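Peer 1: What follows is run-v4.cif; its format and atoms are mmCIF, C-alpha atoms and all ligand atoms.
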```cif
data_upload
loop_
_atom_site.label_atom_id
_atom_site.label_comp_id
_atom_site.auth_asym_id
_atom_site.auth_seq_id
_atom_site.Cartn_x
_atom_site.Cartn_y
_atom_site.Cartn_z
CA MET E 1 -40.80 -40.91 46.21
CA LYS E 2 -41.18 -40.66 42.48
CA GLN E 3 -39.30 -38.82 39.75
CA VAL E 4 -41.38 -36.16 38.03
CA LYS E 5 -40.29 -34.75 34.66
CA ILE E 6 -40.77 -31.35 33.11
CA ALA E 7 -41.67 -30.58 29.50
CA PRO E 8 -41.33 -26.86 28.78
CA SER E 9 -43.86 -25.61 26.23
CA ILE E 10 -42.16 -23.32 23.76
CA LEU E 11 -45.46 -21.55 23.11
CA ALA E 12 -44.39 -19.15 25.88
CA ALA E 13 -40.83 -18.71 24.53
CA ASP E 14 -39.52 -15.68 22.64
CA PHE E 15 -40.13 -16.80 19.05
CA ALA E 16 -37.51 -14.42 17.72
CA ARG E 17 -34.94 -16.41 19.74
CA LEU E 18 -36.49 -19.85 19.59
CA GLY E 19 -33.25 -21.81 19.14
CA GLU E 20 -31.60 -20.13 22.12
CA GLU E 21 -34.68 -20.66 24.26
CA ALA E 22 -34.74 -24.38 23.42
CA GLN E 23 -31.04 -24.67 24.27
CA ALA E 24 -31.57 -22.79 27.53
CA VAL E 25 -34.17 -25.26 28.78
CA GLU E 26 -31.99 -28.17 27.68
CA GLN E 27 -29.03 -26.80 29.65
CA ALA E 28 -31.26 -26.14 32.66
CA GLY E 29 -32.19 -29.84 32.77
CA ALA E 30 -35.58 -30.11 31.06
CA ASP E 31 -36.54 -33.63 30.01
CA ARG E 32 -38.21 -32.91 26.68
CA LEU E 33 -39.69 -30.06 24.65
CA HIS E 34 -43.46 -29.73 24.33
CA LEU E 35 -44.59 -28.27 21.00
CA ASP E 36 -48.12 -26.86 20.85
CA ILE E 37 -49.49 -27.12 17.33
CA MET E 38 -52.73 -25.14 16.81
CA ASP E 39 -54.77 -24.82 13.65
CA GLY E 40 -57.41 -22.16 14.35
CA ARG E 41 -60.14 -24.80 13.97
CA PHE E 42 -59.84 -27.34 16.76
CA VAL E 43 -58.74 -24.44 18.97
CA PRO E 44 -59.27 -20.72 18.30
CA ASN E 45 -55.57 -19.93 18.09
CA ILE E 46 -52.93 -20.61 15.38
CA SER E 47 -49.36 -21.36 16.44
CA PHE E 48 -46.84 -23.10 14.16
CA GLY E 49 -46.37 -26.25 12.11
CA PRO E 50 -43.79 -28.83 10.99
CA VAL E 51 -41.33 -26.22 9.64
CA VAL E 52 -40.69 -24.96 13.16
CA VAL E 53 -40.46 -28.51 14.54
CA ARG E 54 -37.80 -29.27 11.93
CA ALA E 55 -35.85 -26.13 12.83
CA LEU E 56 -35.89 -27.03 16.53
CA ARG E 57 -34.73 -30.58 15.73
CA GLN E 58 -31.49 -29.04 14.41
CA VAL E 59 -30.64 -27.12 17.59
CA THR E 60 -31.42 -29.43 20.53
CA ARG E 61 -30.98 -33.07 21.51
CA LEU E 62 -34.09 -33.00 23.71
CA PRO E 63 -36.92 -35.34 22.69
CA LEU E 64 -39.67 -33.38 20.94
CA GLU E 65 -43.32 -34.06 21.65
CA ALA E 66 -45.88 -32.56 19.27
CA HIS E 67 -49.22 -31.80 20.95
CA LEU E 68 -51.54 -31.61 17.95
CA MET E 69 -54.48 -29.32 18.70
CA ILE E 70 -55.68 -29.67 15.14
CA ALA E 71 -58.71 -31.09 13.40
CA GLU E 72 -58.14 -34.39 11.56
CA PRO E 73 -54.67 -34.92 13.01
CA GLU E 74 -54.29 -38.17 11.03
CA ARG E 75 -53.65 -36.07 7.92
CA TYR E 76 -50.40 -34.66 9.31
CA LEU E 77 -48.73 -37.53 11.17
CA THR E 78 -46.09 -38.24 8.52
CA GLU E 79 -45.13 -34.57 8.27
CA PHE E 80 -44.54 -34.26 11.99
CA ALA E 81 -42.63 -37.54 12.06
CA GLN E 82 -40.38 -36.37 9.22
CA ALA E 83 -39.89 -33.03 10.96
CA GLY E 84 -38.37 -34.84 13.94
CA ALA E 85 -41.10 -35.31 16.54
CA GLY E 86 -40.45 -38.33 18.76
CA THR E 87 -43.92 -38.37 20.29
CA ILE E 88 -47.19 -37.30 18.72
CA ILE E 89 -50.15 -36.50 20.95
CA VAL E 90 -53.58 -36.27 19.34
CA HIS E 91 -56.82 -35.17 20.95
CA GLN E 92 -59.54 -37.76 21.48
CA GLU E 93 -62.05 -35.06 20.50
CA ALA E 94 -60.32 -34.44 17.16
CA SER E 95 -59.77 -38.01 16.02
CA LEU E 96 -62.85 -39.96 14.98
CA HIS E 97 -60.93 -43.22 14.45
CA LEU E 98 -58.55 -42.85 17.34
CA GLU E 99 -57.39 -46.47 17.47
CA ARG E 100 -56.30 -46.25 13.85
CA THR E 101 -54.58 -42.90 14.40
CA LEU E 102 -52.61 -44.30 17.35
CA SER E 103 -51.57 -47.34 15.30
CA GLN E 104 -50.41 -45.04 12.51
CA ILE E 105 -48.27 -43.01 14.92
CA LYS E 106 -46.62 -46.21 16.18
CA ALA E 107 -46.13 -47.52 12.65
CA LEU E 108 -44.10 -44.37 12.00
CA GLY E 109 -41.82 -45.47 14.84
CA LEU E 110 -43.01 -42.79 17.26
CA ARG E 111 -44.53 -42.79 20.72
CA ALA E 112 -48.30 -42.35 20.65
CA GLY E 113 -50.14 -40.05 23.04
CA ALA E 114 -53.78 -39.06 23.49
CA ALA E 115 -55.08 -35.89 25.13
CA LEU E 116 -58.38 -35.08 26.80
CA ASN E 117 -59.97 -31.65 27.15
CA PRO E 118 -61.14 -30.77 30.65
CA ALA E 119 -64.80 -31.57 29.85
CA THR E 120 -64.07 -34.95 28.23
CA PRO E 121 -64.48 -37.93 30.54
CA LEU E 122 -61.63 -40.39 31.02
CA VAL E 123 -63.82 -43.28 29.98
CA LEU E 124 -63.53 -42.16 26.34
CA LEU E 125 -59.93 -43.40 26.35
CA GLU E 126 -60.52 -46.58 28.29
CA GLU E 127 -60.63 -48.87 25.24
CA VAL E 128 -57.26 -47.65 23.92
CA LEU E 129 -55.42 -47.18 27.19
CA ALA E 130 -53.21 -50.21 26.56
CA GLU E 131 -52.15 -48.71 23.20
CA LEU E 132 -50.96 -45.44 24.69
CA ASP E 133 -47.39 -44.44 25.50
CA LEU E 134 -48.67 -41.21 27.03
CA LEU E 135 -51.97 -39.92 28.40
CA LEU E 136 -52.29 -36.13 28.54
CA ILE E 137 -54.84 -34.61 30.89
CA MET E 138 -55.51 -30.98 29.95
CA THR E 139 -55.77 -28.80 33.03
CA VAL E 140 -56.90 -25.78 30.96
CA ASN E 141 -59.02 -25.59 27.83
CA PRO E 142 -56.48 -25.81 25.02
CA GLY E 143 -55.71 -22.87 22.77
CA PHE E 144 -53.71 -20.42 24.84
CA GLY E 145 -50.82 -20.27 27.27
CA GLY E 146 -51.04 -18.40 30.55
CA GLN E 147 -54.42 -19.72 31.71
CA LYS E 148 -55.40 -20.72 35.21
CA PHE E 149 -55.11 -24.37 36.30
CA ILE E 150 -58.59 -25.93 36.65
CA THR E 151 -58.45 -27.36 40.16
CA SER E 152 -61.24 -29.87 39.62
CA MET E 153 -58.89 -31.71 37.22
CA LEU E 154 -56.92 -33.01 40.23
CA SER E 155 -59.55 -35.68 40.75
CA LYS E 156 -59.35 -36.64 37.05
CA ILE E 157 -55.56 -37.03 37.39
CA GLU E 158 -56.08 -39.28 40.44
CA ARG E 159 -58.63 -41.39 38.58
CA ALA E 160 -56.34 -41.66 35.55
CA ARG E 161 -53.49 -42.80 37.79
CA ALA E 162 -55.76 -45.43 39.35
CA LEU E 163 -56.89 -46.70 35.93
CA LEU E 164 -53.28 -47.11 34.76
CA ALA E 165 -52.29 -48.81 38.01
CA LYS E 166 -55.22 -51.22 37.84
CA ASP E 167 -53.86 -52.81 34.66
CA SER E 168 -50.18 -52.14 35.48
CA LEU E 169 -49.86 -50.00 32.35
CA SER E 170 -46.58 -48.20 31.77
CA CYS E 171 -48.22 -45.31 29.86
CA GLU E 172 -46.89 -41.94 31.08
CA LEU E 173 -49.38 -39.59 32.77
CA GLU E 174 -48.80 -35.97 31.73
CA VAL E 175 -50.65 -32.76 32.61
CA ASP E 176 -50.76 -29.54 30.62
CA GLY E 177 -51.95 -26.03 31.44
CA GLY E 178 -51.49 -23.59 34.30
CA ILE E 179 -48.57 -25.50 35.86
CA ASN E 180 -46.45 -23.40 38.22
CA ALA E 181 -44.61 -24.01 41.50
CA GLN E 182 -47.89 -24.32 43.41
CA THR E 183 -49.94 -26.41 40.99
CA ALA E 184 -46.96 -28.66 40.07
CA SER E 185 -46.81 -30.23 43.50
CA ARG E 186 -50.58 -30.76 43.60
CA ALA E 187 -50.59 -32.38 40.14
CA ALA E 188 -47.64 -34.59 41.09
CA ALA E 189 -49.33 -35.61 44.35
CA ALA E 190 -52.42 -36.55 42.32
CA GLY E 191 -50.29 -38.87 40.18
CA ALA E 192 -48.90 -36.85 37.26
CA GLU E 193 -45.35 -37.80 36.28
CA VAL E 194 -44.71 -35.33 33.44
CA LEU E 195 -45.59 -31.64 33.82
CA VAL E 196 -45.92 -29.34 30.80
CA ALA E 197 -45.20 -25.71 31.66
CA GLY E 198 -44.95 -22.70 29.36
CA THR E 199 -45.44 -19.38 31.12
CA ALA E 200 -43.93 -20.53 34.42
CA VAL E 201 -40.72 -21.57 32.61
CA PHE E 202 -40.14 -18.92 29.97
CA LYS E 203 -41.61 -15.89 31.74
CA HIS E 204 -40.09 -16.54 35.16
CA PRO E 205 -38.50 -13.29 36.40
CA GLY E 206 -35.47 -15.18 37.74
CA GLY E 207 -34.69 -16.91 34.44
CA ILE E 208 -35.10 -20.47 33.20
CA PRO E 209 -32.86 -22.39 35.65
CA ALA E 210 -34.62 -20.73 38.59
CA ALA E 211 -37.98 -21.54 37.02
CA LEU E 212 -37.17 -25.24 36.73
CA ARG E 213 -35.92 -25.34 40.33
CA ALA E 214 -39.15 -23.68 41.50
CA ILE E 215 -41.41 -26.07 39.58
CA LEU E 216 -39.39 -29.20 40.37
CA PRO E 217 -37.82 -28.79 43.79
CA ALA E 218 -35.31 -31.49 44.79
CA GLY E 219 -34.71 -32.34 41.15
CA GLY E 220 -38.28 -33.50 40.62
CA ARG E 221 -38.46 -36.04 43.45
CA PHE E 222 -41.89 -35.61 44.97
C1 LIG O 1 -52.53 -24.97 25.89
C2 LIG O 1 -51.24 -25.69 25.58
C3 LIG O 1 -50.27 -25.69 26.70
C4 LIG O 1 -49.79 -24.32 27.08
C5 LIG O 1 -49.24 -24.36 28.45
O1 LIG O 1 -53.34 -24.98 24.78
O2 LIG O 1 -51.50 -27.02 25.21
O3 LIG O 1 -49.18 -26.56 26.44
O4 LIG O 1 -48.84 -23.81 26.21
O5 LIG O 1 -48.94 -23.06 28.81
P1 LIG O 1 -49.02 -22.53 30.31
O6 LIG O 1 -47.99 -23.32 31.08
O7 LIG O 1 -48.70 -21.10 30.17
O8 LIG O 1 -50.41 -22.81 30.80
ZN ZN O 2 -49.76 -28.48 25.11
#
```
Written as structure tokens, that's how I'd like the structure from this file.
Ligand code: DX5
Ligand code: ZN

Peer 2:
Amino acid sequence: MKQVKIAPSILAADFARLGEEAQAVEQAGADRLHLDIMDGRFVPNISFGPVVVRALRQVTRLPLEAHLMIAEPERYLTEFAQAGAGTIIVHQEASLHLERTLSQIKALGLRAGAALNPATPLVLLEEVLAELDLLLIMTVNPGFGGQKFITSMLSKIERARALLAKDSLSCELEVDGGINAQTASRAAAAGAEVLVAGTAVFKHPGGIPAALRAILPAGGRF
């Protein structure tokens, strides 16, 4: 048995009621808020920036994790730290000097995460694995909510879990994209311990508490 956590992605929330949506997932028992930052360059879509992170920091006690889908993420670390992010996740594909970027995140007093697109092999993070607080395996190509979970990523999740276990690393293993009641249990069985979910949380016809119960049955004990 292991405890799996859920990180609702506010990309799928009603942006006209963002504060209420954040409070609703907090009350329903979410573990943290996942904030998808998109710049229209690293990914085709544009979402929001530090101003919105700062506003959310005022209305919830949940830890905030900023998933930076932006080119040259090292240029914006201080801004997201000052806005109230507790974890910053950068993409391996976007950060040429990744080891330095991770050190800079930690020097700001934050948790450092690295993300991999579906097509990027795990080996590209192997040399910095011991520096990571969080490893994010993308199970869709980043840029949009509401996409279909790429099933072949289950084997990548299993291999990531094995790599972390081999060196007894405490780095969290998180997955992001297309997580719903069905794919959540498969991702958890493959070794994921934090599940990001946007559409399945905020667009659930039964409301947010029902959504979290559907994604994490038995309180997340898989
Ligand atoms: C994709 C984002 C995801 C996305 C998840 O670019 O990184 O966090 O919002 O949304 P769903 O759960 O709808 O796939
Ligand atoms: Zn994300």

Peer 1: Ligand ZN 2 (chain O): which residues are within 9 Å, counting all atoms listed in the file, as a PyMOL selection string?

Peer 2: chain E and resi 9+11+34-37+66-69+136+138+142-145+175-177+196-198

Peer 1: Keeping C-alpha atoms, export the residues of the selection given above as a PDB file, in the frame of the given file.

Peer 2:
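Result file again-v9.pdb:
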```
ATOM      1  CA  SER E   9     -43.860 -25.610  26.230  1.00  0.00           C
ATOM      2  CA  LEU E  11     -45.460 -21.550  23.110  1.00  0.00           C
ATOM      3  CA  HIS E  34     -43.460 -29.730  24.330  1.00  0.00           C
ATOM      4  CA  LEU E  35     -44.590 -28.270  21.000  1.00  0.00           C
ATOM      5  CA  ASP E  36     -48.120 -26.860  20.850  1.00  0.00           C
ATOM      6  CA  ILE E  37     -49.490 -27.120  17.330  1.00  0.00           C
ATOM      7  CA  ALA E  66     -45.880 -32.560  19.270  1.00  0.00           C
ATOM      8  CA  HIS E  67     -49.220 -31.800  20.950  1.00  0.00           C
ATOM      9  CA  LEU E  68     -51.540 -31.610  17.950  1.00  0.00           C
ATOM     10  CA  MET E  69     -54.480 -29.320  18.700  1.00  0.00           C
ATOM     11  CA  LEU E 136     -52.290 -36.130  28.540  1.00  0.00           C
ATOM     12  CA  MET E 138     -55.510 -30.980  29.950  1.00  0.00           C
ATOM     13  CA  PRO E 142     -56.480 -25.810  25.020  1.00  0.00           C
ATOM     14  CA  GLY E 143     -55.710 -22.870  22.770  1.00  0.00           C
ATOM     15  CA  PHE E 144     -53.710 -20.420  24.840  1.00  0.00           C
ATOM     16  CA  GLY E 145     -50.820 -20.270  27.270  1.00  0.00           C
ATOM     17  CA  VAL E 175     -50.650 -32.760  32.610  1.00  0.00           C
ATOM     18  CA  ASP E 176     -50.760 -29.540  30.620  1.00  0.00           C
ATOM     19  CA  GLY E 177     -51.950 -26.030  31.440  1.00  0.00           C
ATOM     20  CA  VAL E 196     -45.920 -29.340  30.800  1.00  0.00           C
ATOM     21  CA  ALA E 197     -45.200 -25.710  31.660  1.00  0.00           C
ATOM     22  CA  GLY E 198     -44.950 -22.700  29.360  1.00  0.00           C
TER      23      GLY E 198
END
```

Peer 1: Could you jot down the CA of Leu110 in chain E to CA of Gly86 in chain E separation for me, Å, one decimal place?

Peer 2: 5.4 Å

Peer 1: Counting only C-alpha atoms, find residues at most 8 Å from (-54.1, -39.3, 29.1) (file frame) and give them as a ChimeraX atom specification.

Peer 2: /E:113-116,122,125,134-137,160,172-174

Peer 1: Just how far from CA of Ala30 in chain E is CA of Arg54 in chain E, in Å to one decimal?

Peer 2: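 Interatomic distance, CA of Arg54 in chain E to CA of Ala30 in chain E: 19.3 Å.
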
Peer 1: Calculate how many Å separate CA of Val53 in chain E from CA of Ala83 in chain E, rounding to one decimal.

Peer 2: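 Rounded to one decimal, the two atoms are 5.8 Å apart.
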
Peer 1: Skip Gln182 in chain E itself and residues of its chain fewer than 5 positions away, then list as an mmCIF file with C-alpha atoms, in the coordinates of the input all residues within 10 Å of it, counting all atoms listed in the file.

Peer 2:
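File around_1.cif, as written:
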```
data_model
loop_
_atom_site.group_PDB
_atom_site.id
_atom_site.type_symbol
_atom_site.label_atom_id
_atom_site.label_comp_id
_atom_site.auth_asym_id
_atom_site.auth_seq_id
_atom_site.Cartn_x
_atom_site.Cartn_y
_atom_site.Cartn_z
ATOM 1 C CA ALA E 187 -50.590 -32.380 40.140
ATOM 2 C CA ALA E 214 -39.150 -23.680 41.500
ATOM 3 C CA ILE E 215 -41.410 -26.070 39.580
#
```

Peer 1: Would you please work out which residue, of E:Ala71, E:Leu164, E:Leu33, E:Val194, is nearest to Glu93 in chain E when using all atoms listed in the file?

Peer 2: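 Result for the nearest residue to Glu93 in chain E: E:Ala71.
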
Peer 1: Pick out the closest residue to Gln3 in chain E from this set: E:Ala22, E:Thr60, E:Glu158, E:Asp31. Count all atoms listed in the file.

Peer 2: E:Asp31

Peer 1: Hey, which of E:Val25, E:Ile10, E:Leu169, E:Ile70 ends up closest to ligand LIG 1 (chain O)? Count all atoms listed in the file.

Peer 2: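 Using all atoms listed in the file, ligand LIG 1 (chain O) sits closest to E:Ile10.
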
Peer 1: Determine the nearest neighbour of Glu99 in chain E from the options E:Ala13, E:Ala112, E:Ala200, E:Ala181, counting all atoms listed in the file.

Peer 2: E:Ala112

Peer 1: In terms of the shortest atom-to-atom distance over all atoms listed in the file, which of E:Ala16, E:Ile157, E:Glu26, E:Val123 is closest to Gly191 in chain E?

Peer 2: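 The answer is E:Ile157, which sits nearest to Gly191 in chain E.
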
Peer 1: With 6 Å as the threshold, what does the neighbourhood of (-52.2, -25.1, 31.8) contain in terms of residues, counting all atoms listed in the file? Coordinates are those of the file; answer as a list in words.

Peer 2: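 Collected hits near the coordinates: Thr139, Val140, Gln147, Phe149, Asp176, Gly177, Gly178 and Ile179 of chain E.
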
Peer 1: Which residue gives the smallest distance to ligand LIG 1 (chain O) among E:Ala28, E:Leu129, E:Leu124, E:Val90, with all atoms listed in the file counted?

Peer 2: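 Looking only at the distances to ligand LIG 1 (chain O), the closest residue turns out to be E:Val90.
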
Peer 1: Excluding Arg17 in chain E and any residue of its chain fewer than 6 positions from it, enumerate the residues within 12 Å of it, using all atoms listed in the file, and give them as a list in words.

Peer 2: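 So, after excluding close chain neighbours, the residues are Ile10, Gln23, Ala24, Ala55, Leu56, Val59 and Phe202 of chain E.
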